[in-house]
Amino acid sequence: MPHLQRPSVRRLQSLRAFALALVFVFVAPIASAKDVVEYYHRGLDHYFVTSDANEIRALDGGTFSGWVRTGYTFQVFNAGDTRLAGSVPVCRFYGNPLRGLDSHFYSATPQECDDVQARFPNEWLLESTDVFHVHPVASNGQCPVNTKAVYRLYNGRPDVNHRYTTDGSVADAMLAKGYAFEGIGTGPRPIVFCAASIPAAQPASGAPVCTVSPSTQYPVLGTPLELRATCTGSPTTFGWINCASHTTTCTASAEVAGPVMYGIVASNGSGAGPAATVTLNWQPPATEAPTCTLAASSTTPLLGSPLTLTGTCAGTVARHEWLTCGALTPDACSPIAECANATTTCSPVARQAGAVLYSLRATNSVGTSPKASVAVNWIAPNTPPPPPSPNDTPACVLVASSTTPAINSTLTLTASCTNAPTQYTWTNCTSTSATCTTTSSTTGNRTYSISARNASGFGPTATVTVAWQVPPTAPPTCTLNASPASPYAGGTTTLTASCTQSPTSYNWNNCTAVSGNTCTATSPNVGAVNYSVTATNALGTSNAASITVNWQAPPPAGADFCGNYTNVKRVDLPWGGQLTTNNPAGGLGGFAADGVLVARIRVPTTAAGTSVPGAVSAVEYIDGQANRIMSLSPSACDFRGFSPGVYPATDSTGATRPMAWGFGINPSVQFLLSGMPGSHPKLVPGQTYYINMRNRDFTTGQSTCRSAECNVRITVQRPS
């Protein structure tokens, strides 16, 4: 039931014109889905919602000053829409300022609508008995399936006002400010009616499309910032979100630290366009850039399991930037997509096993922190452990900022370690952290090393050797070598430039996977390929050093070892597709308990990828559960080198044994295409490979299928 309170003379004067105008512009609805848009008046501390296009246009256009969009909406249907079978109309009243009221009031309860009209006909002015349709609250105090609860909160002040929201956190925040729930049910949030659970209305064709640009990404409390909208479609009205303006620019300020979403909805003769928004994190004035540390909930998580990264930063922070970097190339980083809006914690998702260096940078109005990093080694599920090693102690990789530093210059050494080290011990460098800076006044090779310790003890020592050189007196001179010198086509070789005169940069020809004075080369074709490099220092550029690499034909593929086994079933595995082994198509007809499955993969000649490995995975499908042995090879029935309980070696060419192994109930193997960087086996487009599988236990080598068949679904995920 509405509340009767008397407003001040100031409120009577400010709201009477608004009330009469809204009554005048209200028009009868037509049947369609639409948004209920919320507005807020800072000076009045009042909220108002409406779905009427004329009211929205007037509010956005500045006809009633002081009202701005909050960015919140909920969705309803107009009267007559067939999608709201069983719905009820919503009545709307306006409290007559001459009778001490000044607020709009909505109800979906017929009894409440009738009582207000009968008992307070002069206090509450009926604007419509059917502004839009919603579902009523069920007898159990809940909303029907596929609808959203709408909460009504009353401010409890003489200047009567209600707020309507579908957002539980908003409702709780209003409750904390002294508002009271009004609704049905005994739960923590009584419900007043139920909105449609549908997407927001789509903008009309030809409506404006805008972008919003702030004058700074790092706003400071007490310092105004300018928001500027750039829009298509020649807008005639501009409805800003959380900012008071009706033009293409708006000035915002804040008194409380924290994120605020700003945006704009522009309209023209075609209608309102989509909201363009930007979220800015207001912070107190900063005196220096932040500094951060980073920790991981696990440094050896299983693929598919959750991982939480936690950053701790000193100083004010306006923006957290979460990055994933190469374990061996810590400067090669890219944003973590799933953590684009994360602040102090991030939950990255890994798609392949291996080492990853996660990093955090924090920024405020003064500057950006150095990267804080933690190394994580993702483990494939159901993968047997490698040969015995102290897996619980830290394992580090050590990288130097230069392999040929000039004497008396500063050299930075950076260690990336797994298993959360608590102590670092350096040789030939003094530091207690994972980074160390040093210099040398004499020339020659010098080796630096680090070992890291945690509760399980010290891990193996990681080393790096650099060649200290005199400051350059001339341009560099270089030689170039390749390892291996005669690689297989489709494989890789590492090119290394050895240069004098302390180069500061390298320019490679015919090789793109560059890391300073090394580059990883590949070729899909047999034959000689020439590679070259030049090096540059402050005094000039070297002559080109070159080498010719003779790419060899891979060993003959397609060898068949199936004569060693009985009950072999063969099938073609579609590139980028899947099959189930109990499907009789192709003559497969089931994966027998004692059988060998050979799935042939023909790699298309047009197959391509850039950075994300492909994978072949098998998952349990019908029948009994079984552990399995899987291999990837250019040869059929290839289980060469397998010995129960011993993790088998691999051969990247497939000449002496499989290229990759997978074990477990749901085994999988990852692969790359020739030319892609990485250490996974590389498949050559146009060639044929085999996935070989048996229902056997890794530890004992015995059959694990306890029924006639133990079928699987096999999927090929193409590299990308």
# chains A, B, ... in the order shown; residues from 1 in each chain; ligands from 1

$ select_by_dssp --residues "range 171-250 of chain A" --states "alpha helix (DSSP H)" --output "ChimeraX atom specification"
/A:171-176

$ write_last_selection --atoms "all heavy atoms" --output "PDB file, in the first residue's frame"
ATOM      1  N   ALA A 171      19.107  -4.390  -4.017  1.00  0.00           N
ATOM      2  CA  ALA A 171      18.085  -4.390  -2.975  1.00  0.00           C
ATOM      3  C   ALA A 171      18.724  -4.418  -1.590  1.00  0.00           C
ATOM      4  O   ALA A 171      18.308  -3.693  -0.680  1.00  0.00           O
ATOM      5  CB  ALA A 171      17.152  -5.588  -3.163  1.00  0.00           C
ATOM      6  N   ASP A 172      19.755  -5.242  -1.415  1.00  0.00           N
ATOM      7  CA  ASP A 172      20.423  -5.323  -0.115  1.00  0.00           C
ATOM      8  C   ASP A 172      21.112  -4.005   0.242  1.00  0.00           C
ATOM      9  O   ASP A 172      21.132  -3.595   1.412  1.00  0.00           O
ATOM     10  CB  ASP A 172      21.441  -6.461  -0.124  1.00  0.00           C
ATOM     11  CG  ASP A 172      20.790  -7.832  -0.223  1.00  0.00           C
ATOM     12  OD1 ASP A 172      19.571  -7.927   0.029  1.00  0.00           O
ATOM     13  OD2 ASP A 172      21.490  -8.806  -0.574  1.00  0.00           O
ATOM     14  N   ALA A 173      21.687  -3.348  -0.786  1.00  0.00           N
ATOM     15  CA  ALA A 173      22.343  -2.067  -0.527  1.00  0.00           C
ATOM     16  C   ALA A 173      21.326  -1.017  -0.085  1.00  0.00           C
ATOM     17  O   ALA A 173      21.613  -0.199   0.813  1.00  0.00           O
ATOM     18  CB  ALA A 173      23.080  -1.604  -1.780  1.00  0.00           C
ATOM     19  N   MET A 174      20.152  -1.022  -0.704  1.00  0.00           N
ATOM     20  CA  MET A 174      19.117  -0.073  -0.299  1.00  0.00           C
ATOM     21  C   MET A 174      18.627  -0.391   1.113  1.00  0.00           C
ATOM     22  O   MET A 174      18.353   0.515   1.910  1.00  0.00           O
ATOM     23  CB  MET A 174      17.951  -0.113  -1.289  1.00  0.00           C
ATOM     24  CG  MET A 174      18.331   0.218  -2.728  1.00  0.00           C
ATOM     25  SD  MET A 174      19.276   1.755  -2.911  1.00  0.00           S
ATOM     26  CE  MET A 174      18.039   2.957  -2.440  1.00  0.00           C
ATOM     27  N   LEU A 175      18.509  -1.669   1.446  1.00  0.00           N
ATOM     28  CA  LEU A 175      18.110  -2.060   2.793  1.00  0.00           C
ATOM     29  C   LEU A 175      19.110  -1.527   3.816  1.00  0.00           C
ATOM     30  O   LEU A 175      18.731  -1.030   4.885  1.00  0.00           O
ATOM     31  CB  LEU A 175      18.023  -3.586   2.868  1.00  0.00           C
ATOM     32  CG  LEU A 175      17.384  -4.181   4.132  1.00  0.00           C
ATOM     33  CD1 LEU A 175      15.904  -3.846   4.192  1.00  0.00           C
ATOM     34  CD2 LEU A 175      17.583  -5.704   4.142  1.00  0.00           C
ATOM     35  N   ALA A 176      20.411  -1.597   3.479  1.00  0.00           N
ATOM     36  CA  ALA A 176      21.448  -1.098   4.378  1.00  0.00           C
ATOM     37  C   ALA A 176      21.367   0.410   4.550  1.00  0.00           C
ATOM     38  O   ALA A 176      21.834   0.949   5.561  1.00  0.00           O
ATOM     39  CB  ALA A 176      22.824  -1.500   3.845  1.00  0.00           C
TER      40      ALA A 176
END

$ closest_atom_pairs --of "range 358-445 of chain A" --to "range 301-318 of chain A" --cutoff "12 Å" --atoms "only C-alpha atoms" --output "JSON lines"
{"residue": "A:Tyr358", "atom": "CA", "partner": "A:Leu309", "partner_atom": "CA", "distance": 8.3}
{"residue": "A:Ser359", "atom": "CA", "partner": "A:Leu309", "partner_atom": "CA", "distance": 9.2}
{"residue": "A:Leu360", "atom": "CA", "partner": "A:Gly311", "partner_atom": "CA", "distance": 7.1}
{"residue": "A:Arg361", "atom": "CA", "partner": "A:Gly311", "partner_atom": "CA", "distance": 9.3}
{"residue": "A:Ala362", "atom": "CA", "partner": "A:Val317", "partner_atom": "CA", "distance": 6.1}
{"residue": "A:Thr363", "atom": "CA", "partner": "A:Val317", "partner_atom": "CA", "distance": 5.7}
{"residue": "A:Asn364", "atom": "CA", "partner": "A:Ala318", "partner_atom": "CA", "distance": 4.9}
{"residue": "A:Ser365", "atom": "CA", "partner": "A:Ala318", "partner_atom": "CA", "distance": 7.6}
{"residue": "A:Val366", "atom": "CA", "partner": "A:Thr316", "partner_atom": "CA", "distance": 9.7}
{"residue": "A:Gly367", "atom": "CA", "partner": "A:Val317", "partner_atom": "CA", "distance": 9.8}
{"residue": "A:Thr368", "atom": "CA", "partner": "A:Val317", "partner_atom": "CA", "distance": 9.2}
{"residue": "A:Ser369", "atom": "CA", "partner": "A:Cys313", "partner_atom": "CA", "distance": 9.0}
{"residue": "A:Pro370", "atom": "CA", "partner": "A:Cys313", "partner_atom": "CA", "distance": 11.0}
{"residue": "A:Lys371", "atom": "CA", "partner": "A:Gly311", "partner_atom": "CA", "distance": 10.8}
{"residue": "A:Ala372", "atom": "CA", "partner": "A:Gly311", "partner_atom": "CA", "distance": 8.2}
{"residue": "A:Ser373", "atom": "CA", "partner": "A:Gly311", "partner_atom": "CA", "distance": 9.5}
{"residue": "A:Val374", "atom": "CA", "partner": "A:Leu309", "partner_atom": "CA", "distance": 8.7}
{"residue": "A:Ala375", "atom": "CA", "partner": "A:Leu309", "partner_atom": "CA", "distance": 10.8}
{"residue": "A:Val376", "atom": "CA", "partner": "A:Pro301", "partner_atom": "CA", "distance": 7.7}
{"residue": "A:Asn377", "atom": "CA", "partner": "A:Pro301", "partner_atom": "CA", "distance": 7.0}
{"residue": "A:Trp378", "atom": "CA", "partner": "A:Pro301", "partner_atom": "CA", "distance": 5.3}
{"residue": "A:Ile379", "atom": "CA", "partner": "A:Leu302", "partner_atom": "CA", "distance": 4.7}
{"residue": "A:Ala380", "atom": "CA", "partner": "A:Leu303", "partner_atom": "CA", "distance": 5.4}
{"residue": "A:Pro381", "atom": "CA", "partner": "A:Leu302", "partner_atom": "CA", "distance": 5.8}
{"residue": "A:Asn382", "atom": "CA", "partner": "A:Leu302", "partner_atom": "CA", "distance": 9.2}
{"residue": "A:Thr383", "atom": "CA", "partner": "A:Leu302", "partner_atom": "CA", "distance": 9.7}
{"residue": "A:Thr418", "atom": "CA", "partner": "A:Pro301", "partner_atom": "CA", "distance": 11.0}
{"residue": "A:Asn419", "atom": "CA", "partner": "A:Pro301", "partner_atom": "CA", "distance": 10.4}

$ atom_distance --atom1 "CA of Tyr151 in chain A" --atom2 "CA of Cys194 in chain A"
8.8 Å

$ residues_around --residues "Thr500 in chain A" --least-positions-apart "2" --cutoff "7 Å" --atoms "only C-alpha atoms" --output "list of chain:residue names"
A:Pro476, A:Thr477, A:Cys478, A:Ser502

$ write_last_selection --atoms "all heavy atoms" --output "short mmCIF file (atom, residue, chain, number, x, y, z; two decimals), in the first residue's frame"
data_model
loop_
_atom_site.label_atom_id
_atom_site.label_comp_id
_atom_site.auth_asym_id
_atom_site.auth_seq_id
_atom_site.Cartn_x
_atom_site.Cartn_y
_atom_site.Cartn_z
N PRO A 476 78.96 -5.11 -34.61
CA PRO A 476 79.17 -6.53 -34.29
C PRO A 476 79.65 -7.34 -35.51
O PRO A 476 79.48 -6.94 -36.66
CB PRO A 476 77.78 -7.01 -33.86
CG PRO A 476 77.02 -5.77 -33.54
CD PRO A 476 77.55 -4.71 -34.44
N THR A 477 80.25 -8.47 -35.23
CA THR A 477 80.51 -9.51 -36.23
C THR A 477 79.91 -10.79 -35.69
O THR A 477 80.01 -11.08 -34.49
CB THR A 477 82.00 -9.69 -36.50
OG1 THR A 477 82.65 -10.03 -35.26
CG2 THR A 477 82.61 -8.42 -37.06
N CYS A 478 79.27 -11.59 -36.56
CA CYS A 478 78.49 -12.73 -36.09
C CYS A 478 78.79 -13.99 -36.89
O CYS A 478 79.20 -13.92 -38.06
CB CYS A 478 76.99 -12.44 -36.22
SG CYS A 478 76.41 -11.02 -35.26
N SER A 502 78.87 -6.80 -28.20
CA SER A 502 77.67 -6.57 -27.38
C SER A 502 76.46 -6.07 -28.16
O SER A 502 76.02 -4.92 -28.01
CB SER A 502 77.99 -5.57 -26.25
OG SER A 502 79.06 -6.03 -25.47
#

$ closest_residue --among "A:Val68, A:Asn161, A:Thr438, A:Ala420" --to "Ile264 in chain A" --atoms "only C-alpha atoms"
A:Val68

$ atom_distance --atom1 "CA of Thr518 in chain A" --atom2 "CA of Thr324 in chain A"
22.0 Å

$ atom_distance --atom1 "CA of Val533 in chain A" --atom2 "CA of Ala482 in chain A"
12.4 Å

$ closest_residue --among "A:Val616, A:Thr494, A:Ile691, A:Gly609" --to "Met630 in chain A" --atoms "only C-alpha atoms"
A:Ile691

$ closest_residue --among "A:Ser617, A:Leu579, A:Ile547, A:Thr447" --to "Asn666 in chain A" --atoms "only C-alpha atoms"
A:Ser617

$ residues_around --residues "Phe105 in chain A" --least-positions-apart "3" --cutoff "7 Å" --atoms "only C-alpha atoms" --output "PDB file with C-alpha atoms, in the first residue's frame"
ATOM      1  CA  ARG A  92       0.546   3.103 -11.907  1.00  0.00           C
ATOM      2  CA  PHE A  93      -0.345   5.957  -9.571  1.00  0.00           C
ATOM      3  CA  TYR A  94       1.201   9.347  -8.987  1.00  0.00           C
TER       4      TYR A  94
END

$ select_by_dssp --residues "range 67-100 of chain A" --states "strand (DSSP E or B)" --output "NGL selection string"
:A and (67-77 or 88-89 or 91-95)

$ write_last_selection --atoms "all heavy atoms" --output "compact mmCIF listing (two decimals), in the first residue's frame"
# COMPACT_ATOMS: atom_id res chain seq x y z
N TRP A 67 17.56 14.27 -13.89
CA TRP A 67 17.33 12.82 -13.93
C TRP A 67 18.34 12.17 -14.88
O TRP A 67 18.49 12.58 -16.02
CB TRP A 67 15.91 12.50 -14.39
CG TRP A 67 14.86 12.93 -13.40
CD1 TRP A 67 14.19 14.11 -13.38
CD2 TRP A 67 14.41 12.17 -12.29
NE1 TRP A 67 13.33 14.15 -12.32
CE2 TRP A 67 13.44 12.95 -11.62
CE3 TRP A 67 14.71 10.90 -11.78
CZ2 TRP A 67 12.78 12.51 -10.48
CZ3 TRP A 67 14.05 10.46 -10.64
CH2 TRP A 67 13.10 11.27 -10.00
N VAL A 68 19.04 11.15 -14.38
CA VAL A 68 20.01 10.41 -15.20
C VAL A 68 19.74 8.92 -15.07
O VAL A 68 19.21 8.44 -14.05
CB VAL A 68 21.47 10.71 -14.77
CG1 VAL A 68 21.78 12.19 -14.90
CG2 VAL A 68 21.75 10.23 -13.36
N ARG A 69 20.10 8.20 -16.11
CA ARG A 69 19.95 6.74 -16.07
C ARG A 69 20.91 6.13 -15.04
O ARG A 69 22.03 6.58 -14.90
CB ARG A 69 20.25 6.13 -17.44
CG ARG A 69 19.21 6.42 -18.51
CD ARG A 69 19.64 5.83 -19.84
NE ARG A 69 18.67 6.04 -20.91
CZ ARG A 69 18.01 5.06 -21.53
NH1 ARG A 69 18.25 3.79 -21.21
NH2 ARG A 69 17.15 5.33 -22.49
N THR A 70 20.46 5.08 -14.36
CA THR A 70 21.34 4.34 -13.45
C THR A 70 22.04 3.19 -14.16
O THR A 70 22.98 2.60 -13.61
CB THR A 70 20.54 3.75 -12.28
OG1 THR A 70 19.62 2.77 -12.79
CG2 THR A 70 19.80 4.84 -11.54
N GLY A 71 21.57 2.82 -15.35
CA GLY A 71 22.11 1.67 -16.05
C GLY A 71 21.34 0.39 -15.79
O GLY A 71 21.60 -0.64 -16.42
N TYR A 72 20.38 0.41 -14.86
CA TYR A 72 19.59 -0.78 -14.55
C TYR A 72 18.29 -0.77 -15.35
O TYR A 72 17.64 0.28 -15.52
CB TYR A 72 19.26 -0.84 -13.06
CG TYR A 72 20.46 -1.15 -12.19
CD1 TYR A 72 21.11 -0.14 -11.49
CD2 TYR A 72 20.93 -2.45 -12.07
CE1 TYR A 72 22.21 -0.42 -10.68
CE2 TYR A 72 22.04 -2.74 -11.28
CZ TYR A 72 22.67 -1.72 -10.59
OH TYR A 72 23.76 -2.01 -9.81
N THR A 73 17.92 -1.95 -15.83
CA THR A 73 16.65 -2.13 -16.53
C THR A 73 16.09 -3.50 -16.14
O THR A 73 16.82 -4.36 -15.63
CB THR A 73 16.81 -2.09 -18.06
OG1 THR A 73 17.64 -3.19 -18.48
CG2 THR A 73 17.42 -0.78 -18.52
N PHE A 74 14.80 -3.68 -16.34
CA PHE A 74 14.23 -5.04 -16.36
C PHE A 74 13.20 -5.09 -17.47
O PHE A 74 12.74 -4.06 -17.97
CB PHE A 74 13.68 -5.47 -14.99
CG PHE A 74 12.59 -4.60 -14.41
CD1 PHE A 74 11.26 -4.80 -14.73
CD2 PHE A 74 12.90 -3.59 -13.50
CE1 PHE A 74 10.26 -4.02 -14.17
CE2 PHE A 74 11.92 -2.80 -12.93
CZ PHE A 74 10.58 -3.01 -13.27
N GLN A 75 12.86 -6.29 -17.87
CA GLN A 75 12.08 -6.47 -19.09
C GLN A 75 10.65 -6.91 -18.77
O GLN A 75 10.42 -7.74 -17.89
CB GLN A 75 12.76 -7.51 -20.01
CG GLN A 75 14.00 -6.99 -20.71
CD GLN A 75 15.13 -6.66 -19.76
OE1 GLN A 75 15.50 -7.46 -18.91
NE2 GLN A 75 15.67 -5.45 -19.87
N VAL A 76 9.71 -6.34 -19.54
CA VAL A 76 8.29 -6.65 -19.40
C VAL A 76 7.69 -6.75 -20.80
O VAL A 76 8.35 -6.50 -21.80
CB VAL A 76 7.55 -5.56 -18.58
CG1 VAL A 76 8.08 -5.50 -17.16
CG2 VAL A 76 7.67 -4.20 -19.27
N PHE A 77 6.38 -7.09 -20.84
CA PHE A 77 5.64 -7.09 -22.09
C PHE A 77 4.46 -6.13 -21.99
O PHE A 77 3.91 -5.93 -20.90
CB PHE A 77 5.12 -8.49 -22.43
CG PHE A 77 6.19 -9.44 -22.83
CD1 PHE A 77 6.57 -10.47 -21.98
CD2 PHE A 77 6.83 -9.32 -24.05
CE1 PHE A 77 7.57 -11.35 -22.35
CE2 PHE A 77 7.83 -10.20 -24.42
CZ PHE A 77 8.19 -11.22 -23.56
N VAL A 88 -0.53 -10.55 -15.35
CA VAL A 88 -1.46 -9.56 -14.81
C VAL A 88 -0.99 -8.17 -15.19
O VAL A 88 0.21 -7.95 -15.39
CB VAL A 88 -1.57 -9.68 -13.27
CG1 VAL A 88 -2.17 -11.01 -12.86
CG2 VAL A 88 -0.20 -9.50 -12.62
N PRO A 89 -1.89 -7.21 -15.29
CA PRO A 89 -1.48 -5.84 -15.59
C PRO A 89 -0.91 -5.15 -14.36
O PRO A 89 -1.21 -5.51 -13.22
CB PRO A 89 -2.79 -5.17 -16.04
CG PRO A 89 -3.85 -5.92 -15.31
CD PRO A 89 -3.36 -7.35 -15.23
N CYS A 91 -0.69 -1.54 -12.44
CA CYS A 91 -1.27 -0.21 -12.36
C CYS A 91 -0.21 0.79 -11.91
O CYS A 91 0.77 0.42 -11.26
CB CYS A 91 -2.46 -0.19 -11.39
SG CYS A 91 -2.03 -0.56 -9.67
N ARG A 92 -0.40 2.06 -12.30
CA ARG A 92 0.55 3.10 -11.91
C ARG A 92 -0.21 4.31 -11.38
O ARG A 92 -1.15 4.80 -12.02
CB ARG A 92 1.43 3.52 -13.09
CG ARG A 92 2.51 4.50 -12.68
CD ARG A 92 3.49 4.76 -13.80
NE ARG A 92 3.33 6.09 -14.37
CZ ARG A 92 4.21 6.65 -15.21
NH1 ARG A 92 5.29 5.98 -15.57
NH2 ARG A 92 4.00 7.86 -15.68
N PHE A 93 0.22 4.77 -10.20
CA PHE A 93 -0.35 5.96 -9.57
C PHE A 93 0.75 7.01 -9.43
O PHE A 93 1.94 6.69 -9.38
CB PHE A 93 -0.88 5.64 -8.17
CG PHE A 93 -2.08 4.74 -8.14
CD1 PHE A 93 -1.92 3.36 -8.12
CD2 PHE A 93 -3.37 5.26 -8.15
CE1 PHE A 93 -3.01 2.52 -8.08
CE2 PHE A 93 -4.48 4.42 -8.12
CZ PHE A 93 -4.31 3.04 -8.08
N TYR A 94 0.28 8.27 -9.35
CA TYR A 94 1.20 9.35 -8.99
C TYR A 94 0.65 10.05 -7.76
O TYR A 94 -0.51 10.48 -7.72
CB TYR A 94 1.38 10.36 -10.12
CG TYR A 94 2.41 11.40 -9.72
CD1 TYR A 94 3.76 11.10 -9.78
CD2 TYR A 94 2.03 12.65 -9.24
CE1 TYR A 94 4.71 12.02 -9.38
CE2 TYR A 94 2.98 13.57 -8.84
CZ TYR A 94 4.32 13.25 -8.91
OH TYR A 94 5.27 14.16 -8.50
N GLY A 95 1.49 10.18 -6.73
CA GLY A 95 1.07 10.85 -5.51
C GLY A 95 0.90 12.34 -5.75
O GLY A 95 1.82 13.02 -6.20

$ closest_residue --among "A:Pro348, A:Pro677, A:Gly263, A:Gly664" --to "Cys519 in chain A" --atoms "only C-alpha atoms"
A:Pro677

$ residues_around --residues "Pro604 in chain A" --least-positions-apart "6" --cutoff "12 Å" --atoms "only C-alpha atoms" --output "list in words"
Pro574, Trp575, Gly576, Leu673, Leu683, Val684, Pro685, Gly686, Gln687, Thr688, Tyr689 and Arg718 of chain A

$ closest_residue --among "A:Ser456, A:Asn530, A:Val464, A:Gly185" --to "Leu480 in chain A" --atoms "only C-alpha atoms"
A:Asn530

$ decode --residues "range 294-310 of chain A" --atoms "N, CA, C and O atoms" --output "mmCIF file, in the first residue's frame"
data_model
loop_
_atom_site.group_PDB
_atom_site.id
_atom_site.type_symbol
_atom_site.label_atom_id
_atom_site.label_comp_id
_atom_site.auth_asym_id
_atom_site.auth_seq_id
_atom_site.Cartn_x
_atom_site.Cartn_y
_atom_site.Cartn_z
ATOM 1 N N LEU A 294 52.427 -11.791 -6.158
ATOM 2 C CA LEU A 294 51.420 -12.675 -6.749
ATOM 3 C C LEU A 294 51.621 -14.087 -6.221
ATOM 4 O O LEU A 294 52.760 -14.569 -6.124
ATOM 5 N N ALA A 295 50.529 -14.755 -5.861
ATOM 6 C CA ALA A 295 50.565 -16.139 -5.383
ATOM 7 C C ALA A 295 49.493 -16.947 -6.092
ATOM 8 O O ALA A 295 48.462 -16.405 -6.521
ATOM 9 N N ALA A 296 49.734 -18.254 -6.250
ATOM 10 C CA ALA A 296 48.783 -19.170 -6.890
ATOM 11 C C ALA A 296 48.290 -20.182 -5.873
ATOM 12 O O ALA A 296 49.048 -20.623 -4.994
ATOM 13 N N SER A 297 47.006 -20.571 -5.987
ATOM 14 C CA SER A 297 46.443 -21.568 -5.071
ATOM 15 C C SER A 297 47.102 -22.930 -5.266
ATOM 16 O O SER A 297 47.101 -23.760 -4.361
ATOM 17 N N SER A 298 47.670 -23.171 -6.445
ATOM 18 C CA SER A 298 48.441 -24.383 -6.711
ATOM 19 C C SER A 298 49.428 -24.068 -7.817
ATOM 20 O O SER A 298 49.096 -23.342 -8.761
ATOM 21 N N THR A 299 50.615 -24.600 -7.722
ATOM 22 C CA THR A 299 51.581 -24.417 -8.808
ATOM 23 C C THR A 299 51.634 -25.623 -9.732
ATOM 24 O O THR A 299 52.341 -25.603 -10.732
ATOM 25 N N THR A 300 50.860 -26.694 -9.406
ATOM 26 C CA THR A 300 50.777 -27.871 -10.286
ATOM 27 C C THR A 300 49.324 -28.312 -10.397
ATOM 28 O O THR A 300 48.970 -29.439 -10.039
ATOM 29 N N PRO A 301 48.426 -27.449 -10.899
ATOM 30 C CA PRO A 301 47.014 -27.824 -10.993
ATOM 31 C C PRO A 301 46.767 -28.795 -12.147
ATOM 32 O O PRO A 301 47.529 -28.840 -13.115
ATOM 33 N N LEU A 302 45.696 -29.564 -12.042
ATOM 34 C CA LEU A 302 45.275 -30.438 -13.128
ATOM 35 C C LEU A 302 44.451 -29.639 -14.129
ATOM 36 O O LEU A 302 43.670 -28.763 -13.752
ATOM 37 N N LEU A 303 44.617 -29.955 -15.410
ATOM 38 C CA LEU A 303 43.777 -29.325 -16.431
ATOM 39 C C LEU A 303 42.311 -29.576 -16.099
ATOM 40 O O LEU A 303 41.917 -30.701 -15.792
ATOM 41 N N GLY A 304 41.514 -28.536 -16.175
ATOM 42 C CA GLY A 304 40.100 -28.651 -15.842
ATOM 43 C C GLY A 304 39.777 -28.340 -14.403
ATOM 44 O O GLY A 304 38.610 -28.154 -14.052
ATOM 45 N N SER A 305 40.791 -28.275 -13.534
ATOM 46 C CA SER A 305 40.555 -27.925 -12.138
ATOM 47 C C SER A 305 40.690 -26.420 -11.959
ATOM 48 O O SER A 305 41.331 -25.744 -12.756
ATOM 49 N N PRO A 306 40.075 -25.862 -10.898
ATOM 50 C CA PRO A 306 40.155 -24.411 -10.700
ATOM 51 C C PRO A 306 41.528 -23.979 -10.205
ATOM 52 O O PRO A 306 42.222 -24.723 -9.512
ATOM 53 N N LEU A 307 41.922 -22.786 -10.591
ATOM 54 C CA LEU A 307 43.147 -22.158 -10.118
ATOM 55 C C LEU A 307 42.824 -20.718 -9.755
ATOM 56 O O LEU A 307 42.159 -20.020 -10.528
ATOM 57 N N THR A 308 43.284 -20.280 -8.606
ATOM 58 C CA THR A 308 43.065 -18.900 -8.178
ATOM 59 C C THR A 308 44.400 -18.208 -7.999
ATOM 60 O O THR A 308 45.266 -18.688 -7.260
ATOM 61 N N LEU A 309 44.571 -17.100 -8.700
ATOM 62 C CA LEU A 309 45.732 -16.248 -8.533
ATOM 63 C C LEU A 309 45.334 -15.075 -7.644
ATOM 64 O O LEU A 309 44.287 -14.456 -7.859
ATOM 65 N N THR A 310 46.155 -14.758 -6.656
ATOM 66 C CA THR A 310 45.841 -13.679 -5.720
ATOM 67 C C THR A 310 46.966 -12.660 -5.729
ATOM 68 O O THR A 310 48.127 -13.003 -5.481
#
